[in-house]
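J.: First the structure, which I've put down as structure tokens, then a few questions once you've had a look.
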Amino acid sequence: MSDGILRLENLRVESISGLVLVDNISLELQRGEVLGLIGESGAGKSTIGLASMVYARAGCKITGGKVIIEDFSARDLSATGRRDLRGQKIAYIAQSAAASFNPAHRIIDQVTEMPIQHGLMARAPARTWAVDLFRQLDLPDPGRFGQKYPHQVSGGQLQRAMVAMAISCRPDILVFDEPTTALDVTTQIEVLALIKRLIREHNTAALYISHDLAVVAQVADRIMVLRGGKLIEQGTSAQILLRPSDPYTTALVSERKAADRLSVDSSAPRGKEVLGVKNATGAYGKFVAVNDVTLSVSRGETVAVVGESGSGKSSLARLIVGLLPAKSGSVTFAGETLPPALKERSRDNLRRIQLIYQQPDVALNPRQTIGEIVGRPVKFYFNRPPKEVKRRVAELLTQVGLPEDYAGRLSTALSGGQKQRIAIARALAAEPDLIICDEPTSALDQLVADDVLKLLKRLQDELGVAYLFITHDLGIVRRLAHRTAVMLRGKIVDEGPTAKIFAPPFHPYTQNLLMSVPEMRVDWLTNILDARAKLVDKA
Amino acid sequence: MRLFGHRPTVLAWIGILIVSAFIAVAILAPWIAPYSESESVSETWADMSTQYPLGTDNIGRDILSRLIFGARMTIGIALATTLLSFTIGTTLGFAAAAFGRAVDQILSRIVDVVLSVPVLVWALILLQGANGSIVALVLTLAGLDSTRVFRLARAVATNLVAMDFVEVARLRGEGLGWIMFREILPNALPPMITEFGLRFCFNFLFLASLSFLGFGIQPPFADWGSMVRESGGGINQGVVAALWPALAIALMTIGVNLIVDWVLSINARPSGASAEL
């Protein structure tokens with residue numbers, strides 16, 4: 001055997017009810033090497049990551065195989081032995097830093113907790129070491145950064161603070177579980193660069209878990225593709241990206257590549273205006289979320305609103321539907337000016353704008369059947385008799401690609417993609433002129449999201465409905481949008497036909513956004529960082 | 001066997017058995033009670049005998065018969081009170097959550113005022129002029145109890161109102177009635193049902209203590225609380241008459257609690273009652 005620092009042999013993890021979550025997985029990791037684990041939700045990525053620390057979530061159990069760290073079998077360790085192992089030998093960086101920090105304690109106390117608790121350092125040297133780590137991680141004002149509470153720093157900074165916490169005991173192995181998924185693209189790039197540098201400088205081994213192939217390819221030397229707890233394929237990052245051999249991997253790669261190309265002809269003349277927003281401003285108390293926004297959507301057209309979190313995209317949607325009444329400016333619909341507040345709008349005006357939400361789980365009432373959910377708008381807006389409502393529900397379900405007999409089921413029995421189809425069917429039931437889609441695919445797995453996008457596109461071709469598509473994913477914009485509006489701090493900074501927005505000359509912010517989206521090349525991150533360094537040199 | 005899609009535990013079965021037995025007794029009282037509840041049939045404090053299985057009370061009424069009729073009064077009033085209190089409390093609680101800030105503030109502050117004085121004191125004040133009217137008794141108890149129900153209903157509904165599916169209904173233009181009873185209520189049912197069991201027990205015991213103080217059910221009607229009071233004096237002379245109604249109160253409370261515990265354990269499972277484990 002070679003001198004691997006972490007070895008999993010025929011690992012098997014099961015839930016208490018007997019479901020096999022990880023099935024016969026073996027892997028080996030050398031010092032200084034990064035192994036990427038990729039797959040959709042439920043593939044067992046996180047379970048493997050946790051199992052390599054000999055830990056299983058509540059309700060799960062490691063039922064077979066070996067976890068070998070350096071030379072000893074970690075599964076044979078006592079509880080104390082495992083406790084010493086975690087943190088000192090192997091550490092875990094979770095997806096949501098916000099959920100991993102205790103909001104009631106200062107950051108430095110949480111970062112130094114592990115070395116102090118493990119008895120590796122006294123309080124004072126641990127603090128000095130933490131400040132040193134903050135400096136290494138490029139955190140602003142490292143001397144005082146630790147005195148802040150988690151809510152006082154940005155998401156990207158908190159994610160870096162969590163990296164500091166994980167490496168505070170100088171572990172040999174790091175497990176990164178989707179460390180950049182919750183971050184904006186421009187922040188993601190910083191954190192990715194830092195993770196890469198850190199692994200090189202400390203010569204640690206790492207498992208990098210992600211659902212995004214392009215991201216994994218930037219940091220990992222080798223990639224394992226997982227599905228349903230089983231290994232589908234493994235190889236070097238370049239192999240997986242360029243010559244995937246398994247059909248599932250091929251589908252993942254080609255879907256991801258489709259997002260890099262423009263696929264909507266945005267040169268055709270625009271139809272009659274459906275929605276017109278003019279100089280609209282909306283605020284929550286004193287905070288202005290939507291600032292002097294002007295935007296129009298025509299019949300049968302898709303207008304994408306892109307921006308990072310907090311840019312005011314969702315607030316714009318709320319302003320249009322009347323949940324956030326506009327303080328000034330106007331919203332016109334098919335030539336008619338809408339009252340700012342929801343309560344004053346007529347039933348027909350409400351019917352003609354429908355909304356699709358990001359989280360289909362909470363957008364569907366879990367105690368109503370699919371038939372009730374989809375049938376209600378038909379009854380409510382068109383007052384059809386029960387028989388006709390039933391017929392219409394069946395028709396709508398077929399239209400969104402679901403079997404008619406789903407009408408009797410509860411939505412809780414469906415998968416995420418199916419739930420989103422139900423939400424689409426409900427929106428269509430109102431026969432709207434405009435559907436506002438608020439990140440409708442960002443909670444879905446890649447291939448499922450792909451199907452939902454195709455469905456939306458097909459429905460637009462068939463019904464001529466217009467979409468206002470709110471998203472942070474530029475790949476979706478390229479594939480769906482005729483026109484694009486880029487939002488930054490409540491304002492639209494760039495607007496026009498998608499082809500024009502995505503071609504030079506760029507607006508500086510749009511360019512920054514575009515450059516930050518990981519591409520399906522192994523050397524993308526390195527190239528981008530070099531390009532940036534050159535820019536800095538010039539300046 | 002499964003109830004509401006879940007298999008009751010052994011303890012839950014015991015609870016179900018106790019409660020249904022008492023309810024059966026309450027319904028069938030006129031047919032199974034050997035004597036009338038108000039008639040003196042023997043000398044006072046008669047011992048247990050085949051003629052009077054549990055003996056007689058301080059004015060010679062058959063204790064078993066009074067216990068059987070008392071089940072009717074006690075359980076009936078507690079049930080009516082709890083139902084009424086839930087109707088008031090749930091409606092107002094949902095309204096406070098769904099109507100917006102002003103309504104919420106007004107209702108919540110009124111409830112705070114009611115809650116700041118012990119219920120027993122309120123009940124004694126409100127029942128001063130009631131002259132033993134059962135309707136007044138039920139209304140008073142339900143009104144006081146509904147403040148507790150209101151707090152729970154409001155808390156549960158506040159969480160639900162923030163859900164996207166409620167927003168969808170609002171955007172559709174649905175009225176508040178639909179939002180409260182079709183969108184929120186079905187999702188609030190599990191915790192509300194559990195609370196119903198607990199409040200029922202509480203009302204039942206509260207009624208017993210009111211009767212014990214002489215403010216509850218008035219003679220000649222039997223109820224378990226006043227039976228304890230009337231026969232309490234006998235304890236000094238070694239008569240166990242007061243223990244029977246006390247035992248009935250204890251049994252009924254335990255039975256309801258066993259069922260409530262079971263319902264609670266269903267809801268405590270991950271992602272609520274709908275979780276398939």
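Each chain in the structure tokens gets a letter, A, B, ..., in the order shown, and its residues are numbered from 1; ligands are numbered from 1 in order too.
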Pull out every residue of chain B that has at least one atom within 8 Å of chain A, counting only C-alpha atoms, and report them as a count of residues only.
T.: 13
J.: Set the distance at 6 Å and use only C-alpha atoms: which residues neighbour region 332-341 of chain A once local chain neighbours fewer than 5 positions away are removed? I'd like the list as a PyMOL selection string.
T.: chain A and resi 274-276+322+325-326
J.: Of the residues A:Tyr406, A:Phe72, A:Tyr467, A:Tyr208, which is the one nearest to Val34 (chain A), using only C-alpha atoms?
T.: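 Checking each candidate against Val34 (chain A), we get A:Tyr208 as the closest.
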J.: If you count only C-alpha atoms, which residues fall within 7 Å of region 65-71 of chain B, apart from same-chain ones fewer than 2 positions away, as a list in words?
T.: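 Returned residues: Phe22, Val25, Ala26, Ala29, Ala33, Pro34, Tyr35, Ser36, Glu37, Asp62, Ile63, Met73, Thr74, Ile75, Ala222, Asp223, Trp224 and Pro245 of chain B.
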J.: Could you find all residues in region 450-485 of chain A that DSSP calls helix (DSSP H, G or I) from the backbone, and write them as a compact mmCIF listing (two decimals) with C-alpha atoms, in the first residue's frame?
T.:
# COMPACT_ATOMS: atom_id res chain seq x y z
CA ASP A 450 -32.58 21.45 -16.52
CA ASP A 451 -35.91 19.65 -17.12
CA VAL A 452 -37.87 22.39 -15.35
CA LEU A 453 -36.20 25.06 -17.50
CA LYS A 454 -37.04 23.10 -20.65
CA LEU A 455 -40.64 22.85 -19.48
CA LEU A 456 -40.85 26.61 -18.88
CA LYS A 457 -39.45 27.26 -22.33
CA ARG A 458 -41.90 24.86 -23.98
CA LEU A 459 -44.85 26.43 -22.15
CA GLN A 460 -43.79 29.84 -23.34
CA ASP A 461 -43.69 28.63 -26.94
CA GLU A 462 -47.14 27.03 -26.59
CA LEU A 463 -48.95 29.69 -24.57
CA LEU A 474 -25.97 33.54 -15.45
CA GLY A 475 -26.14 30.14 -17.14
CA ILE A 476 -29.94 30.23 -16.92
CA VAL A 477 -29.98 33.75 -18.28
CA ARG A 478 -27.98 32.72 -21.33
CA ARG A 479 -30.34 29.85 -21.99
CA LEU A 480 -33.71 31.50 -21.45
J.: Need the shell around Met192 (chain B): protein/DNA/RNA residues with any atom at most 9 Å away, counting only C-alpha atoms. Skip same-chain ones fewer than 5 positions apart. Format as a PyMOL selection string?
T.: chain B and resi 86+90+149+152-153+156+197
J.: Just C-alpha atoms for this one: save the residues we selected as a compact mmCIF listing (two decimals), in the first residue's frame.
T.:
# COMPACT_ATOMS: atom_id res chain seq x y z
CA PHE B 86 -61.07 26.31 21.22
CA THR B 90 -58.35 29.51 17.62
CA VAL B 149 -55.75 28.67 23.47
CA LEU B 152 -50.91 28.91 21.24
CA ALA B 153 -53.04 29.44 18.13
CA VAL B 156 -48.55 28.52 15.57
CA GLY B 197 -56.40 17.08 25.27
